[in-house]
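A.B. asks: Structure below; questions to follow.
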Amino acid sequence: MRRLFSISLILLILPLASRAQEKDWGRVSGSFESNSILYMDDSVLGERENACGSNNYLKLDWLRGNLSAGLAAEYYPEPLSGYPDALKGAGLTGLYAAWNPGLVEVRAGSFYEQIGSGLLLRSWEDRELGINNPLVGGNVSFRTRNNGLRIKILGGAPLYCLRLSDSVVSAGDVSVDIPSIFGVESAHSFRIEGSVMDKALRSEEENIAFLASSSGFSLPKNILSWSGRLQYSYSGLSLKAEYVGKGADFTAEHQKGGREKYDLRGGSAALAEINYAIGSFSASVIYRRLENMLSPIFQTTGSRIPANTLNYLPSLCMQQTYLLAGLNPYVTYADGESGFQGDLYYSFKKGTALGGRYGMKVHVGGSWIDALPSALPNRDEPYLAYRDINVDIEKVWSRKFRTVFFVSIQENSPTHGNRKATDAQNVFVVDGLYKFTKKVAARLELQYLYSEELTKDWMAAVAEVTFAPRWSISMSDMYNHGSTGTHYYQGGVAYSLSGLNVSLNFGRTREGYVCSGGVCRWQPAYKGANLRVQWAF
């Protein structure tokens with residue numbers, strides 16, 4: 001019945017879109033995306049149980065003056081490999097109406113929201129990760145004309161895999177800019193912010209309730225958390241600090257010997273960030289500490305998946321874009337970690353000795369992350385979970401030719417610091433782009449990974465030719481010549497016309513983490529043909 005209602009509503013609204021614009025009833029916009037894979041048996045990867053998978057998304061928005069409304073729908077005849085099986089089916093994932101005259105905004109229905117950096121609360125959509133957890137309820141926000149005071153009140157039930165969860169989230173957020181609130185014009189900006197959030201649990205998973213009862217405690221009906229934040233900026237300097245206190249929740253503490261102890265325990269997070277920019281130079285340093293900061297929509301004894309989350313805990317390290325540099329990414333250890341990330345950027349100006357005729361950009365960055373003793377059953381002190389050093393140099397040699405040289409030195413603990421053994425790898429990349437004409441360009445990446453652990457050495461190559469603004473053709477291969485002797489090859493073609501983008505790819509994909517914005521999901525290996533259609537209208 002729910003699926004029938006969703007399809008009927010979509011069919012009703014689509015023909016009204018053109019009429020709305022003809023009669024000035026407002027402006028209708030939207031997007032459609034379909035991502036389908038035909039899976040094939042493979043001599044290396046084995047046979048496939050499911051022949052195909054398909055993820056489909058539709059979004060429609062209407063705007064007229066201060067009023068807006070919209071809907072979003074998803075359809076999964078069979079979810080793509082690596083996505084939760086609970087997604088199978090169809091349903092409305094967004095239905096809202098909003099009024100925004102300027103200083104006040106009122107929204108009813110589905111909405112996305114983030115408080116601070118997202119450590120306390122973040123509801124958002126990321127299709128690559130299978131995350132779509134909007135709150136279904138109401139959201140009211142108010143601000144003064146000079147933006148000196150901002151107040152936000154919200155409440156709703158999070159969406160989990162096309163269905164409303166049994167949890168209810170309510171929160172309030174206040175932000176005050178000190179100079180503005182007193183009507184003082186100043187080049188200095190100093191903002192104080194505070195938030196409080198309550199998560200009410202209306203039902204309990206039977207296994208969780210049994211584990212709690214057998215451990216001598218009852219599950220809380222409400223989990224109260226809060227956040228305090230400071231922001232300061234002047235000229236090219238900006239400072240940010242945030243502290244989050246998470247209410248006591250069901251926790252499984254790892255013990256020696258592989259046993260687990262169940263308890264009620266709170267959590268905390270601290271974040272400090274410094275950014276500075278002057279001329280051609282910029283720098284940033286981030287420190288973050290997490291302890292028991294997993295904030296699921298509902299507690300479960302099953303495996304953790306990105307879809308079951310209410311906050312944002314990205315990895316505190318460089319988000320790699322090259323194939324081999326992202327082969328074994330670090331995944332945030334919400335149970336307990338602390339670390340920092342630093343980056344330096346410098347642009348050598350045109351006409352200088354190093355800049356040459358067209359200039360050169362240099363980036364040096366690194367991170368160091370320790371697992372905390374509270375999350376390590378075999379250790380009594382912090383120990384290395386991950387560290388890296390990254391250097392990339394972008395040089396423009398002429399109007400037609402540009403190169404990037406990239407080096408990444410990484411060390412990752414497979415046990416998140418619980419044992420001394422770590423896996424080290426060094427990645428080297430040369431990336432070149434040559435423009436034959438204004439419309440025709442070719443790009444070539446050559447990559448090498450050196451390691452004495454895991455599957456040892458890898459090499460990779462990526463070639464891409466674009467015929468702007470319509471066509472692009474690409475080929476790539478990752479070859480593990482150090483251990484398995486396996487090729488992971490890909491070939492594809494893409495076409496764009498106005499708001500329509502169509503791509504077709506075929507090849508073998510290695511198992512591993514797929515990351516977006518520092519949040520990751522596990523992707524099983526497969527061979528197949530992938531058709532993706534994206535249309536914005």
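Ligands are numbered from 1 in the order shown, chains are lettered A, B, ... in the order of the structure tokens, and residues start at 1 in each chain.
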I'd like the contact shell of stretch 45-58 of chain A - 7 Å cut-off, only C-alpha atoms, skipping same-chain residues fewer than 4 positions apart - returned as a list in words.

C.D. replies: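 In the requested format, the answer is Ser31, Phe32, Glu33, Ser34, Asn35, Ser36, Ile37, Leu38, Tyr39, Met40, Asp41, Ala72, Ala73, Glu74, Tyr75, Tyr76, Pro77, Glu78, Pro79, Leu80, Ser81, Ala525 and Tyr526 of chain A.
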
A.B. asks: May I have the residues within 7 Å of stretch 314-325 of chain A as a PyMOL selection string, using only C-alpha atoms and disregarding those fewer than 6 positions away in the same chain?

C.D. replies: chain A and resi 331-332+340-341+367+408+427+447+449+517-519

A.B. asks: Under the rule of at most 12 Å, produce a per-residue listing of stretch 251-352 of chain A near stretch 194-210 of chain A: chain, number, name, the closest pair of atoms, and the distance in Å, as CSV, using only C-alpha atoms.

C.D. replies:
```
residue,atom,partner,partner_atom,distance
A:Thr251,CA,A:Ile208,CA,10.0
A:Ala252,CA,A:Ile208,CA,10.2
A:Tyr262,CA,A:Ile208,CA,9.6
A:Asp263,CA,A:Ile208,CA,11.1
A:Leu264,CA,A:Ile208,CA,11.9
A:Ser295,CA,A:Lys199,CA,9.8
A:Pro296,CA,A:Lys199,CA,10.1
A:Ile297,CA,A:Lys199,CA,8.7
A:Phe298,CA,A:Leu201,CA,7.8
A:Gln299,CA,A:Glu205,CA,7.1
A:Thr300,CA,A:Ile208,CA,6.5
A:Thr301,CA,A:Ile208,CA,6.7
A:Gly302,CA,A:Asn207,CA,9.9
A:Leu310,CA,A:Lys199,CA,9.9
A:Asn311,CA,A:Met197,CA,11.6
```

A.B. asks: Once you have the residues from the selection above, write them out as a short mmCIF file (atom, residue, chain, number, x, y, z; two decimals), in the first residue's frame, restricted to N, CA, C and O atoms.

C.D. replies:
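Produced file again-v2.cif, reproduced below:
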```cif
data_model
loop_
_atom_site.label_atom_id
_atom_site.label_comp_id
_atom_site.auth_asym_id
_atom_site.auth_seq_id
_atom_site.Cartn_x
_atom_site.Cartn_y
_atom_site.Cartn_z
N THR A 251 26.44 0.33 26.01
CA THR A 251 27.79 0.22 25.47
C THR A 251 28.34 -1.17 25.67
O THR A 251 28.18 -1.76 26.74
N ALA A 252 28.98 -1.70 24.62
CA ALA A 252 29.68 -2.98 24.70
C ALA A 252 31.17 -2.69 24.79
O ALA A 252 31.77 -2.23 23.82
N TYR A 262 28.91 -5.32 29.11
CA TYR A 262 27.82 -4.41 28.74
C TYR A 262 27.53 -3.47 29.89
O TYR A 262 27.44 -3.87 31.04
N ASP A 263 27.38 -2.19 29.53
CA ASP A 263 27.22 -1.18 30.57
C ASP A 263 26.53 0.04 29.98
O ASP A 263 26.36 0.17 28.76
N LEU A 264 26.14 0.97 30.86
CA LEU A 264 25.67 2.29 30.44
C LEU A 264 26.82 3.27 30.62
O LEU A 264 27.37 3.40 31.70
N SER A 295 26.71 7.27 17.75
CA SER A 295 25.35 7.71 18.04
C SER A 295 24.39 7.10 17.02
O SER A 295 24.03 7.75 16.03
N PRO A 296 23.99 5.85 17.22
CA PRO A 296 23.12 5.19 16.25
C PRO A 296 21.66 5.65 16.37
O PRO A 296 21.24 6.16 17.42
N ILE A 297 20.92 5.48 15.31
CA ILE A 297 19.48 5.74 15.36
C ILE A 297 18.83 4.78 16.34
O ILE A 297 17.97 5.15 17.13
N PHE A 298 19.27 3.52 16.32
CA PHE A 298 18.78 2.52 17.27
C PHE A 298 19.92 1.57 17.59
O PHE A 298 20.81 1.31 16.76
N GLN A 299 19.93 1.03 18.80
CA GLN A 299 20.95 0.09 19.21
C GLN A 299 20.66 -1.29 18.62
O GLN A 299 19.51 -1.72 18.54
N THR A 300 21.73 -1.96 18.21
CA THR A 300 21.57 -3.29 17.64
C THR A 300 22.81 -4.13 17.92
O THR A 300 23.91 -3.57 18.08
N THR A 301 22.64 -5.44 17.96
CA THR A 301 23.78 -6.33 18.12
C THR A 301 24.39 -6.69 16.77
O THR A 301 25.40 -7.38 16.72
N GLY A 302 23.76 -6.24 15.70
CA GLY A 302 24.28 -6.51 14.37
C GLY A 302 25.47 -5.62 14.04
O GLY A 302 25.92 -4.80 14.85
N LEU A 310 23.44 9.00 13.60
CA LEU A 310 22.82 10.31 13.79
C LEU A 310 23.84 11.44 13.89
O LEU A 310 23.46 12.59 14.06
N ASN A 311 25.12 11.10 13.82
CA ASN A 311 26.13 12.16 13.88
C ASN A 311 27.19 11.93 12.82
O ASN A 311 27.16 10.93 12.09
#
```

A.B. asks: Which distance in Å separates atom CA of A:Ser29 and atom CA of A:Asn501, to one decimal?

C.D. replies: 16.6 Å

A.B. asks: Measuring atom to atom with only C-alpha atoms, identify which of A:Arg443, A:Arg150, A:His188, A:Arg357 is nearest to A:Met475.

C.D. replies: A:Arg443

A.B. asks: Can you list, as a PDB file with N, CA, C and O atoms, in the first residue's frame, every residue of stretch 48-294 of chain A that DSSP puts in alpha helix (DSSP H)?

C.D. replies:
```
ATOM      1  N   ILE A 178      28.875  38.109  19.298  1.00  0.00           N
ATOM      2  CA  ILE A 178      28.962  39.128  20.341  1.00  0.00           C
ATOM      3  C   ILE A 178      28.997  40.557  19.789  1.00  0.00           C
ATOM      4  O   ILE A 178      28.200  41.405  20.220  1.00  0.00           O
ATOM      5  N   PRO A 179      29.880  40.902  18.836  1.00  0.00           N
ATOM      6  CA  PRO A 179      29.869  42.289  18.340  1.00  0.00           C
ATOM      7  C   PRO A 179      28.539  42.675  17.698  1.00  0.00           C
ATOM      8  O   PRO A 179      28.018  43.771  17.932  1.00  0.00           O
ATOM      9  N   SER A 180      27.965  41.756  16.905  1.00  0.00           N
ATOM     10  CA  SER A 180      26.736  42.082  16.180  1.00  0.00           C
ATOM     11  C   SER A 180      25.545  42.240  17.112  1.00  0.00           C
ATOM     12  O   SER A 180      24.688  43.106  16.896  1.00  0.00           O
ATOM     13  N   ILE A 181      25.460  41.411  18.142  1.00  0.00           N
ATOM     14  CA  ILE A 181      24.293  41.455  19.027  1.00  0.00           C
ATOM     15  C   ILE A 181      24.221  42.781  19.782  1.00  0.00           C
ATOM     16  O   ILE A 181      23.146  43.244  20.168  1.00  0.00           O
ATOM     17  N   GLU A 206      15.161  -6.791  21.149  1.00  0.00           N
ATOM     18  CA  GLU A 206      15.034  -7.848  22.165  1.00  0.00           C
ATOM     19  C   GLU A 206      16.401  -8.296  22.677  1.00  0.00           C
ATOM     20  O   GLU A 206      16.594  -8.481  23.882  1.00  0.00           O
ATOM     21  N   ASN A 207      17.370  -8.457  21.780  1.00  0.00           N
ATOM     22  CA  ASN A 207      18.698  -8.917  22.200  1.00  0.00           C
ATOM     23  C   ASN A 207      19.388  -7.882  23.082  1.00  0.00           C
ATOM     24  O   ASN A 207      20.046  -8.233  24.070  1.00  0.00           O
ATOM     25  N   ILE A 208      19.245  -6.588  22.737  1.00  0.00           N
ATOM     26  CA  ILE A 208      19.863  -5.524  23.527  1.00  0.00           C
ATOM     27  C   ILE A 208      19.234  -5.483  24.918  1.00  0.00           C
ATOM     28  O   ILE A 208      19.933  -5.360  25.934  1.00  0.00           O
ATOM     29  N   ALA A 209      17.913  -5.585  24.978  1.00  0.00           N
ATOM     30  CA  ALA A 209      17.220  -5.562  26.266  1.00  0.00           C
ATOM     31  C   ALA A 209      17.649  -6.740  27.143  1.00  0.00           C
ATOM     32  O   ALA A 209      17.827  -6.598  28.362  1.00  0.00           O
ATOM     33  N   PHE A 210      17.841  -7.904  26.539  1.00  0.00           N
ATOM     34  CA  PHE A 210      18.271  -9.080  27.311  1.00  0.00           C
ATOM     35  C   PHE A 210      19.684  -8.891  27.851  1.00  0.00           C
ATOM     36  O   PHE A 210      19.959  -9.209  29.026  1.00  0.00           O
ATOM     37  N   LEU A 211      20.597  -8.380  27.022  1.00  0.00           N
ATOM     38  CA  LEU A 211      21.978  -8.169  27.460  1.00  0.00           C
ATOM     39  C   LEU A 211      22.037  -7.146  28.591  1.00  0.00           C
ATOM     40  O   LEU A 211      22.811  -7.310  29.547  1.00  0.00           O
ATOM     41  N   ALA A 212      21.224  -6.092  28.487  1.00  0.00           N
ATOM     42  CA  ALA A 212      21.204  -5.081  29.548  1.00  0.00           C
ATOM     43  C   ALA A 212      20.664  -5.669  30.845  1.00  0.00           C
ATOM     44  O   ALA A 212      21.224  -5.471  31.926  1.00  0.00           O
ATOM     45  N   SER A 213      19.559  -6.408  30.744  1.00  0.00           N
ATOM     46  CA  SER A 213      18.940  -6.992  31.939  1.00  0.00           C
ATOM     47  C   SER A 213      19.879  -7.987  32.614  1.00  0.00           C
ATOM     48  O   SER A 213      20.004  -8.004  33.847  1.00  0.00           O
ATOM     49  N   SER A 214      20.552  -8.816  31.810  1.00  0.00           N
ATOM     50  CA  SER A 214      21.458  -9.810  32.389  1.00  0.00           C
ATOM     51  C   SER A 214      22.705  -9.165  32.987  1.00  0.00           C
ATOM     52  O   SER A 214      23.392  -9.792  33.802  1.00  0.00           O
TER      53      SER A 214
END
```

A.B. asks: A:Trp99: which residues within 6 Å, counting only C-alpha atoms, same-chain residues fewer than 3 positions away excluded, as a PyMOL selection string?

C.D. replies: chain A and resi 66-67+105-106

A.B. asks: Would you mind exporting C-alpha atoms of the selected residues as a compact mmCIF listing (two decimals), in the first residue's frame?

C.D. replies:
```txt
# COMPACT_ATOMS: atom_id res chain seq x y z
CA ASN A 66 8.15 32.46 0.39
CA LEU A 67 6.57 29.03 0.02
CA GLU A 105 11.80 29.75 8.49
CA VAL A 106 9.23 27.08 9.30
```

A.B. asks: Can you tell me, as a PyMOL selection string, what residues are no more than 6 Å from A:Val244 when counting only C-alpha atoms, ignoring any on the same chain fewer than 2 positions away?

C.D. replies: chain A and resi 226-227+268-269

A.B. asks: Could you write those residues out with C-alpha atoms, as a PDB file, in the first residue's frame?

C.D. replies:
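Resulting contents of part.pdb:
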```
ATOM      1  CA  TRP A 226      24.784  18.758  24.569  1.00  0.00           C
ATOM      2  CA  SER A 227      27.331  20.823  22.700  1.00  0.00           C
ATOM      3  CA  SER A 268      32.510  12.960  24.825  1.00  0.00           C
ATOM      4  CA  ALA A 269      34.164  14.698  21.897  1.00  0.00           C
TER       5      ALA A 269
END
```

A.B. asks: Give me, as a PyMOL selection string, all polymer residues having an atom no more than 12 Å from A:Phe405, counting only C-alpha atoms and skipping those fewer than 4 positions away in the same chain.

C.D. replies: chain A and resi 322+360-364+390-396+427-433+445-447

A.B. asks: Output N, CA, C and O atoms of each residue in that selection to a file, as a PDB file, in the first residue's frame.

C.D. replies:
```pdb
ATOM      1  N   TYR A 322      43.256   9.345  -5.315  1.00  0.00           N
ATOM      2  CA  TYR A 322      43.942   8.419  -6.216  1.00  0.00           C
ATOM      3  C   TYR A 322      43.684   6.974  -5.786  1.00  0.00           C
ATOM      4  O   TYR A 322      43.555   6.673  -4.597  1.00  0.00           O
ATOM      5  N   MET A 360      53.088  27.431  -9.707  1.00  0.00           N
ATOM      6  CA  MET A 360      53.160  26.087  -9.149  1.00  0.00           C
ATOM      7  C   MET A 360      52.514  26.080  -7.769  1.00  0.00           C
ATOM      8  O   MET A 360      52.672  27.025  -6.996  1.00  0.00           O
ATOM      9  N   LYS A 361      51.772  25.000  -7.450  1.00  0.00           N
ATOM     10  CA  LYS A 361      51.113  24.860  -6.155  1.00  0.00           C
ATOM     11  C   LYS A 361      51.711  23.669  -5.400  1.00  0.00           C
ATOM     12  O   LYS A 361      51.915  22.602  -5.981  1.00  0.00           O
ATOM     13  N   VAL A 362      51.966  23.877  -4.095  1.00  0.00           N
ATOM     14  CA  VAL A 362      52.538  22.831  -3.263  1.00  0.00           C
ATOM     15  C   VAL A 362      51.666  22.625  -2.029  1.00  0.00           C
ATOM     16  O   VAL A 362      51.236  23.595  -1.398  1.00  0.00           O
ATOM     17  N   HIS A 363      51.424  21.379  -1.701  1.00  0.00           N
ATOM     18  CA  HIS A 363      50.667  21.031  -0.496  1.00  0.00           C
ATOM     19  C   HIS A 363      51.433  19.976   0.279  1.00  0.00           C
ATOM     20  O   HIS A 363      51.889  18.973  -0.290  1.00  0.00           O
ATOM     21  N   VAL A 364      51.608  20.213   1.581  1.00  0.00           N
ATOM     22  CA  VAL A 364      52.227  19.242   2.480  1.00  0.00           C
ATOM     23  C   VAL A 364      51.281  19.045   3.661  1.00  0.00           C
ATOM     24  O   VAL A 364      50.845  20.022   4.287  1.00  0.00           O
ATOM     25  N   ASN A 390      51.620  13.429   3.409  1.00  0.00           N
ATOM     26  CA  ASN A 390      51.230  13.583   2.012  1.00  0.00           C
ATOM     27  C   ASN A 390      51.859  14.832   1.415  1.00  0.00           C
ATOM     28  O   ASN A 390      51.845  15.898   2.036  1.00  0.00           O
ATOM     29  N   VAL A 391      52.398  14.693   0.217  1.00  0.00           N
ATOM     30  CA  VAL A 391      52.980  15.821  -0.506  1.00  0.00           C
ATOM     31  C   VAL A 391      52.469  15.779  -1.937  1.00  0.00           C
ATOM     32  O   VAL A 391      52.554  14.732  -2.601  1.00  0.00           O
ATOM     33  N   ASP A 392      51.893  16.874  -2.411  1.00  0.00           N
ATOM     34  CA  ASP A 392      51.537  16.949  -3.827  1.00  0.00           C
ATOM     35  C   ASP A 392      51.970  18.288  -4.399  1.00  0.00           C
ATOM     36  O   ASP A 392      51.805  19.338  -3.765  1.00  0.00           O
ATOM     37  N   ILE A 393      52.530  18.225  -5.584  1.00  0.00           N
ATOM     38  CA  ILE A 393      53.052  19.402  -6.287  1.00  0.00           C
ATOM     39  C   ILE A 393      52.370  19.484  -7.643  1.00  0.00           C
ATOM     40  O   ILE A 393      52.485  18.563  -8.470  1.00  0.00           O
ATOM     41  N   GLU A 394      51.639  20.574  -7.867  1.00  0.00           N
ATOM     42  CA  GLU A 394      50.960  20.790  -9.145  1.00  0.00           C
ATOM     43  C   GLU A 394      51.704  21.865  -9.926  1.00  0.00           C
ATOM     44  O   GLU A 394      51.874  22.989  -9.450  1.00  0.00           O
ATOM     45  N   LYS A 395      52.143  21.520 -11.118  1.00  0.00           N
ATOM     46  CA  LYS A 395      52.933  22.422 -11.944  1.00  0.00           C
ATOM     47  C   LYS A 395      52.285  22.585 -13.310  1.00  0.00           C
ATOM     48  O   LYS A 395      51.970  21.595 -13.987  1.00  0.00           O
ATOM     49  N   VAL A 396      52.057  23.839 -13.715  1.00  0.00           N
ATOM     50  CA  VAL A 396      51.545  24.146 -15.045  1.00  0.00           C
ATOM     51  C   VAL A 396      52.742  24.533 -15.913  1.00  0.00           C
ATOM     52  O   VAL A 396      53.394  25.554 -15.660  1.00  0.00           O
ATOM     53  N   VAL A 427      52.978   5.382  -1.401  1.00  0.00           N
ATOM     54  CA  VAL A 427      52.293   5.523  -2.680  1.00  0.00           C
ATOM     55  C   VAL A 427      52.924   6.678  -3.460  1.00  0.00           C
ATOM     56  O   VAL A 427      53.132   7.775  -2.911  1.00  0.00           O
ATOM     57  N   PHE A 428      53.202   6.437  -4.751  1.00  0.00           N
ATOM     58  CA  PHE A 428      53.793   7.450  -5.628  1.00  0.00           C
ATOM     59  C   PHE A 428      52.900   7.599  -6.861  1.00  0.00           C
ATOM     60  O   PHE A 428      52.520   6.598  -7.476  1.00  0.00           O
ATOM     61  N   VAL A 429      52.580   8.847  -7.216  1.00  0.00           N
ATOM     62  CA  VAL A 429      51.670   9.101  -8.337  1.00  0.00           C
ATOM     63  C   VAL A 429      52.232  10.211  -9.215  1.00  0.00           C
ATOM     64  O   VAL A 429      52.691  11.245  -8.711  1.00  0.00           O
ATOM     65  N   VAL A 430      52.159  10.001 -10.522  1.00  0.00           N
ATOM     66  CA  VAL A 430      52.422  11.051 -11.509  1.00  0.00           C
ATOM     67  C   VAL A 430      51.157  11.202 -12.332  1.00  0.00           C
ATOM     68  O   VAL A 430      50.663  10.229 -12.915  1.00  0.00           O
ATOM     69  N   ASP A 431      50.621  12.411 -12.375  1.00  0.00           N
ATOM     70  CA  ASP A 431      49.342  12.697 -13.025  1.00  0.00           C
ATOM     71  C   ASP A 431      49.564  13.808 -14.046  1.00  0.00           C
ATOM     72  O   ASP A 431      49.984  14.912 -13.689  1.00  0.00           O
ATOM     73  N   GLY A 432      49.298  13.525 -15.320  1.00  0.00           N
ATOM     74  CA  GLY A 432      49.523  14.521 -16.364  1.00  0.00           C
ATOM     75  C   GLY A 432      48.279  14.788 -17.188  1.00  0.00           C
ATOM     76  O   GLY A 432      47.519  13.863 -17.500  1.00  0.00           O
ATOM     77  N   LEU A 433      48.065  16.056 -17.533  1.00  0.00           N
ATOM     78  CA  LEU A 433      46.930  16.463 -18.363  1.00  0.00           C
ATOM     79  C   LEU A 433      47.454  17.278 -19.547  1.00  0.00           C
ATOM     80  O   LEU A 433      48.210  18.241 -19.366  1.00  0.00           O
ATOM     81  N   GLU A 445      47.358   8.884 -15.471  1.00  0.00           N
ATOM     82  CA  GLU A 445      47.882   8.692 -14.119  1.00  0.00           C
ATOM     83  C   GLU A 445      48.709   7.409 -14.079  1.00  0.00           C
ATOM     84  O   GLU A 445      48.252   6.363 -14.556  1.00  0.00           O
ATOM     85  N   LEU A 446      49.905   7.487 -13.489  1.00  0.00           N
ATOM     86  CA  LEU A 446      50.725   6.315 -13.237  1.00  0.00           C
ATOM     87  C   LEU A 446      50.975   6.245 -11.735  1.00  0.00           C
ATOM     88  O   LEU A 446      51.455   7.210 -11.144  1.00  0.00           O
ATOM     89  N   GLN A 447      50.634   5.105 -11.120  1.00  0.00           N
ATOM     90  CA  GLN A 447      50.702   4.990  -9.663  1.00  0.00           C
ATOM     91  C   GLN A 447      51.454   3.718  -9.259  1.00  0.00           C
ATOM     92  O   GLN A 447      51.385   2.698  -9.958  1.00  0.00           O
TER      93      GLN A 447
END
```

A.B. asks: Return the single residue from A:Ala442, A:Asn328, A:Tyr479, A:Asn146 that is closest to A:Asn426, with distances computed using only C-alpha atoms.

C.D. replies: A:Asn328

A.B. asks: At a cut-off of 7 Å, using only C-alpha atoms, what residues contact A:Ser451? Leave out same-chain residues fewer than 3 positions from it and give the result as a ChimeraX atom specification.

C.D. replies: /A:424-426,456-457

A.B. asks: Quick one: of A:Arg259, A:Ala334, A:Arg191, A:Pro329, who's nearest to A:Asn292, counting only C-alpha atoms?

C.D. replies: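 Smallest distance to A:Asn292 is found for A:Ala334.
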
A.B. asks: Skipping near chain neighbours, those fewer than 5 positions away, what residues fall within 12 Å of A:Asp380 using only C-alpha atoms, listed as a PyMOL selection string?

C.D. replies: chain A and resi 256+371-375+417-419

A.B. asks: Selection from above, N, CA and C atoms, as a PDB file, in the first residue's frame, can you write it?

C.D. replies:
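Saved to again08.pdb:
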```pdb
ATOM      1  N   LYS A 256      39.738  -8.259  27.610  1.00  0.00           N
ATOM      2  CA  LYS A 256      40.772  -9.202  27.216  1.00  0.00           C
ATOM      3  C   LYS A 256      40.174 -10.587  27.034  1.00  0.00           C
ATOM      4  N   ALA A 371      44.685   5.421  19.220  1.00  0.00           N
ATOM      5  CA  ALA A 371      43.523   4.823  19.869  1.00  0.00           C
ATOM      6  C   ALA A 371      43.665   5.015  21.371  1.00  0.00           C
ATOM      7  N   LEU A 372      42.551   5.333  22.045  1.00  0.00           N
ATOM      8  CA  LEU A 372      42.579   5.601  23.484  1.00  0.00           C
ATOM      9  C   LEU A 372      42.517   4.302  24.290  1.00  0.00           C
ATOM     10  N   PRO A 373      43.131   4.292  25.479  1.00  0.00           N
ATOM     11  CA  PRO A 373      43.127   3.079  26.314  1.00  0.00           C
ATOM     12  C   PRO A 373      41.732   2.572  26.649  1.00  0.00           C
ATOM     13  N   SER A 374      40.758   3.482  26.764  1.00  0.00           N
ATOM     14  CA  SER A 374      39.391   3.066  27.110  1.00  0.00           C
ATOM     15  C   SER A 374      38.784   2.165  26.047  1.00  0.00           C
ATOM     16  N   ALA A 375      39.360   2.196  24.829  1.00  0.00           N
ATOM     17  CA  ALA A 375      38.833   1.370  23.743  1.00  0.00           C
ATOM     18  C   ALA A 375      39.767   0.214  23.395  1.00  0.00           C
ATOM     19  N   GLY A 417      45.255  -0.058  17.002  1.00  0.00           N
ATOM     20  CA  GLY A 417      46.183   0.200  18.092  1.00  0.00           C
ATOM     21  C   GLY A 417      46.168  -0.822  19.201  1.00  0.00           C
ATOM     22  N   ASN A 418      45.344  -1.867  19.102  1.00  0.00           N
ATOM     23  CA  ASN A 418      45.267  -2.852  20.177  1.00  0.00           C
ATOM     24  C   ASN A 418      46.492  -3.773  20.193  1.00  0.00           C
ATOM     25  N   ARG A 419      47.195  -3.847  19.070  1.00  0.00           N
ATOM     26  CA  ARG A 419      48.455  -4.576  18.999  1.00  0.00           C
ATOM     27  C   ARG A 419      49.488  -3.700  18.312  1.00  0.00           C
TER      28      ARG A 419
END
```

A.B. asks: Given the choices A:Gly148, A:Leu294, A:Ala307, A:Ala468, which gets closest to A:Glu185 if the distance is worked out from only C-alpha atoms?

C.D. replies: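 For A:Glu185, the nearest of the candidates is A:Gly148.
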
A.B. asks: Under the rule that only C-alpha atoms are counted, which of A:Val285, A:Gly491, A:Gly266, A:Trp62 is the nearest residue to A:Asp249?

C.D. replies: A:Gly266

A.B. asks: Any idea what the distance is between atom CA of A:Gly356 and atom CA of A:Arg399?

C.D. replies: 12.5 Å
